[in-house]
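**Student:** Dropping the structure in here first, questions after.
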Amino acid sequence: MQYGVIMAGGAGTRLWPLSRGNRPKQLLPLVEGKSLLQLSFERLRGILPAQQIYVCTGAAFGQQVMENLPELPRENLLGEPMGRDTANAVGFSAEVLRQRDPDAVFAVVTADHVITPVEKFQAALRTAFEVVGTHANALVTFGIIPTYGHTGLGYIHRGEALQLGSGAGNAYRVQAFREKPDKATADRYVESGRYYWNSGMFVWRADTVLRELSTHLPAAAQGLASIGSNWNTPKRESTLQETYPNLPKISIDYAVMEPASQAKGKSLVAVVEMPVQWLDVGSWPALAETLHSDEHNNASDCKACVFLDSDDNVIISEDPDHLISTIGLSDMIVVHTKDATLICPRGEAQRVKELVNRVKEKFPGRYM
């Protein structure tokens, strides 16, 4: 049977002060009154029933996730005691799914992207499920068609096309994964037409990805197997709490996908082209692309804003009674919450994470 697993464990520190430790970005109503998690769930609901959708998140966010997704069955909420990166989140989900269904095939999707049009996302997902149905040993990822030479993303170099019964022509063997390139290299990738942005989303059989984890990351695989074997017993919670925090912290890309693509395992590594608009809402300028902008390109999400001779700003407030007004302001970010306000140039937005670390040092336990 086919399943979907939404990875929803990120902290979203670059969206501070709106995103906090107890209120991460994927649970905030950031896009037209909906959370990124809700949008991700809706995309999957187009092809899967709610009973076949799982959410893997921090255990501390469990109640908020259920409030965000009232359709989600409580038993489909997988709470990590602590974040141990995506290799363990994937392995944890695979072990639980394998207990439910030994033949489980599941998609791993993100909860921090805006993806449009949804129909093309769903079509790519169906193609990936077909690849796995045809090749049981397949590890399938999705490649976003690049629109420019982005230097902050990894790339996938596609190889020969895969023949599918449906005639879908957008599935390929992966020739190689490439690290974040310099600008000249990124431009060359785009011009070639044979490289994709790495989406960080996947489809595979649960037993296949667990086999690859046992090959490439045996220490984690052993601990995850213990969690899985005790999942339907009274020892579930104690095993999870004792084992999970000690798993080696590493991404699924480094742990499995890269070595498997180098023929170091037993899997076929494939990429399915996903021709969508794909926005990683990981910073204030990125979020601004989802907001209403006035004739001076001021992107705002506030009930009371007044701009005078101001342009190209990002202005956000969660207090409907608080007026934000500007004079002669350009290329700035202003984010107002009840206990913290951020003001910085748009060009310095990537340093918000650095700022958060400084706030933690000066005010431990507050504003986080």
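By order of appearance in the structure tokens: chains A, B, ..., then residues from 1 within every chain, and ligands from 1 in the order shown.
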If we count only C-alpha atoms, what is near segment 161-166 of chain A at a cut-off of 9 Å, once residues fewer than 2 positions away on the same chain are taken out, given as a VMD selection string?
**Tutor:** chain A and resid 127 130 to 131 134 158 to 159 168 to 173 270
**Student:** Take the residues from that selection and put them in a file with N, CA and C atoms, as a PDB file, in the first residue's frame.
**Tutor:**
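Saved the output as result_36.pdb:
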ATOM      1  N   THR A 127       4.114   9.181 -10.601  1.00  0.00           N
ATOM      2  CA  THR A 127       5.181   8.587 -11.407  1.00  0.00           C
ATOM      3  C   THR A 127       6.217   7.908 -10.519  1.00  0.00           C
ATOM      4  N   GLU A 130       5.034   4.694  -9.379  1.00  0.00           N
ATOM      5  CA  GLU A 130       5.117   3.722 -10.471  1.00  0.00           C
ATOM      6  C   GLU A 130       6.540   3.189 -10.623  1.00  0.00           C
ATOM      7  N   VAL A 131       7.538   4.067 -10.478  1.00  0.00           N
ATOM      8  CA  VAL A 131       8.929   3.621 -10.559  1.00  0.00           C
ATOM      9  C   VAL A 131       9.197   2.546  -9.511  1.00  0.00           C
ATOM     10  N   THR A 134       7.624  -0.703 -10.322  1.00  0.00           N
ATOM     11  CA  THR A 134       8.336  -1.411 -11.382  1.00  0.00           C
ATOM     12  C   THR A 134       9.688  -1.925 -10.903  1.00  0.00           C
ATOM     13  N   ARG A 158      21.068  14.056 -13.901  1.00  0.00           N
ATOM     14  CA  ARG A 158      20.290  12.935 -14.383  1.00  0.00           C
ATOM     15  C   ARG A 158      21.052  12.148 -15.452  1.00  0.00           C
ATOM     16  N   GLY A 159      20.757  10.836 -15.481  1.00  0.00           N
ATOM     17  CA  GLY A 159      21.350   9.968 -16.481  1.00  0.00           C
ATOM     18  C   GLY A 159      20.315   9.503 -17.479  1.00  0.00           C
ATOM     19  N   ALA A 168       5.206   7.482 -18.986  1.00  0.00           N
ATOM     20  CA  ALA A 168       5.735   8.723 -18.402  1.00  0.00           C
ATOM     21  C   ALA A 168       7.203   8.884 -18.773  1.00  0.00           C
ATOM     22  N   GLY A 169       7.561  10.041 -19.274  1.00  0.00           N
ATOM     23  CA  GLY A 169       8.917  10.238 -19.767  1.00  0.00           C
ATOM     24  C   GLY A 169       9.769  11.129 -18.911  1.00  0.00           C
ATOM     25  N   ASN A 170       9.460  11.232 -17.646  1.00  0.00           N
ATOM     26  CA  ASN A 170      10.196  12.166 -16.791  1.00  0.00           C
ATOM     27  C   ASN A 170      10.862  11.478 -15.606  1.00  0.00           C
ATOM     28  N   ALA A 171      11.255  10.194 -15.775  1.00  0.00           N
ATOM     29  CA  ALA A 171      11.973   9.461 -14.739  1.00  0.00           C
ATOM     30  C   ALA A 171      13.327   9.022 -15.302  1.00  0.00           C
ATOM     31  N   TYR A 172      14.380   9.200 -14.507  1.00  0.00           N
ATOM     32  CA  TYR A 172      15.736   8.944 -14.988  1.00  0.00           C
ATOM     33  C   TYR A 172      16.573   8.292 -13.879  1.00  0.00           C
ATOM     34  N   ARG A 173      17.607   7.584 -14.295  1.00  0.00           N
ATOM     35  CA  ARG A 173      18.620   7.170 -13.332  1.00  0.00           C
ATOM     36  C   ARG A 173      19.383   8.411 -12.861  1.00  0.00           C
ATOM     37  N   ALA A 270      16.956   6.826  -8.599  1.00  0.00           N
ATOM     38  CA  ALA A 270      16.253   7.468  -9.717  1.00  0.00           C
ATOM     39  C   ALA A 270      15.780   8.848  -9.324  1.00  0.00           C
TER      40      ALA A 270
END
**Student:** Excluding same-chain residues fewer than 5 positions from Gly21 of chain A, what lies within 9 Å of it counting only C-alpha atoms, as an MDAnalysis selection string?
**Tutor:** chainID A and resid 11:13 368
**Student:** Write to file, as a compact mmCIF listing (two decimals), in the first residue's frame, the residues of the selection just made, with C-alpha atoms.
**Tutor:**
# COMPACT_ATOMS: atom_id res chain seq x y z
CA ALA A 11 12.95 24.80 13.90
CA GLY A 12 12.77 27.63 11.36
CA THR A 13 15.13 29.93 13.26
CA MET A 368 12.92 31.63 22.06
**Student:** Excluding Pro49 of chain A and its own-chain neighbours fewer than 4 positions away, which residues fall within 10 Å of it when counting only C-alpha atoms? Please give them as number ranges by chain.
**Tutor:** A: 2-4, 44-45, 53, 71-72
**Student:** Excluding Asn68 of chain A and its own-chain neighbours fewer than 4 positions away, which residues fall within 8 Å of it when counting only C-alpha atoms? Please give them as a VMD selection string.
**Tutor:** chain A and resid 27 35 37 to 38 64
**Student:** How would the residues just picked look written out with N, CA and C atoms as a PDB file, in the first residue's frame?
**Tutor:**
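part33.pdb, written as the output of this step:
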ATOM      1  N   LEU A  27       4.086  25.347  11.628  1.00  0.00           N
ATOM      2  CA  LEU A  27       2.787  25.362  12.301  1.00  0.00           C
ATOM      3  C   LEU A  27       2.144  26.744  12.318  1.00  0.00           C
ATOM      4  N   SER A  35      -1.108  27.043   7.510  1.00  0.00           N
ATOM      5  CA  SER A  35       0.271  26.707   7.837  1.00  0.00           C
ATOM      6  C   SER A  35       0.899  25.920   6.698  1.00  0.00           C
ATOM      7  N   LEU A  37       2.426  23.189   7.075  1.00  0.00           N
ATOM      8  CA  LEU A  37       2.053  21.796   7.318  1.00  0.00           C
ATOM      9  C   LEU A  37       0.690  21.489   6.716  1.00  0.00           C
ATOM     10  N   GLN A  38      -0.249  22.385   6.889  1.00  0.00           N
ATOM     11  CA  GLN A  38      -1.582  22.170   6.301  1.00  0.00           C
ATOM     12  C   GLN A  38      -1.513  22.097   4.776  1.00  0.00           C
ATOM     13  N   GLN A  64       0.007  20.540  18.821  1.00  0.00           N
ATOM     14  CA  GLN A  64      -0.168  21.578  17.806  1.00  0.00           C
ATOM     15  C   GLN A  64      -0.386  20.977  16.419  1.00  0.00           C
TER      16      GLN A  64
END
**Student:** Taking 6 positions as the minimum chain separation for residues in the same chain, which residues sit within 12 Å of Lys34 of chain A when counting only C-alpha atoms? Answer as a count of residues only.
**Tutor:** 11
**Student:** Counting only C-alpha atoms, which of A:Lys360, A:Arg84, A:Arg205, A:Arg23 gets nearest to Pro248 of chain A?
**Tutor:** A:Arg84
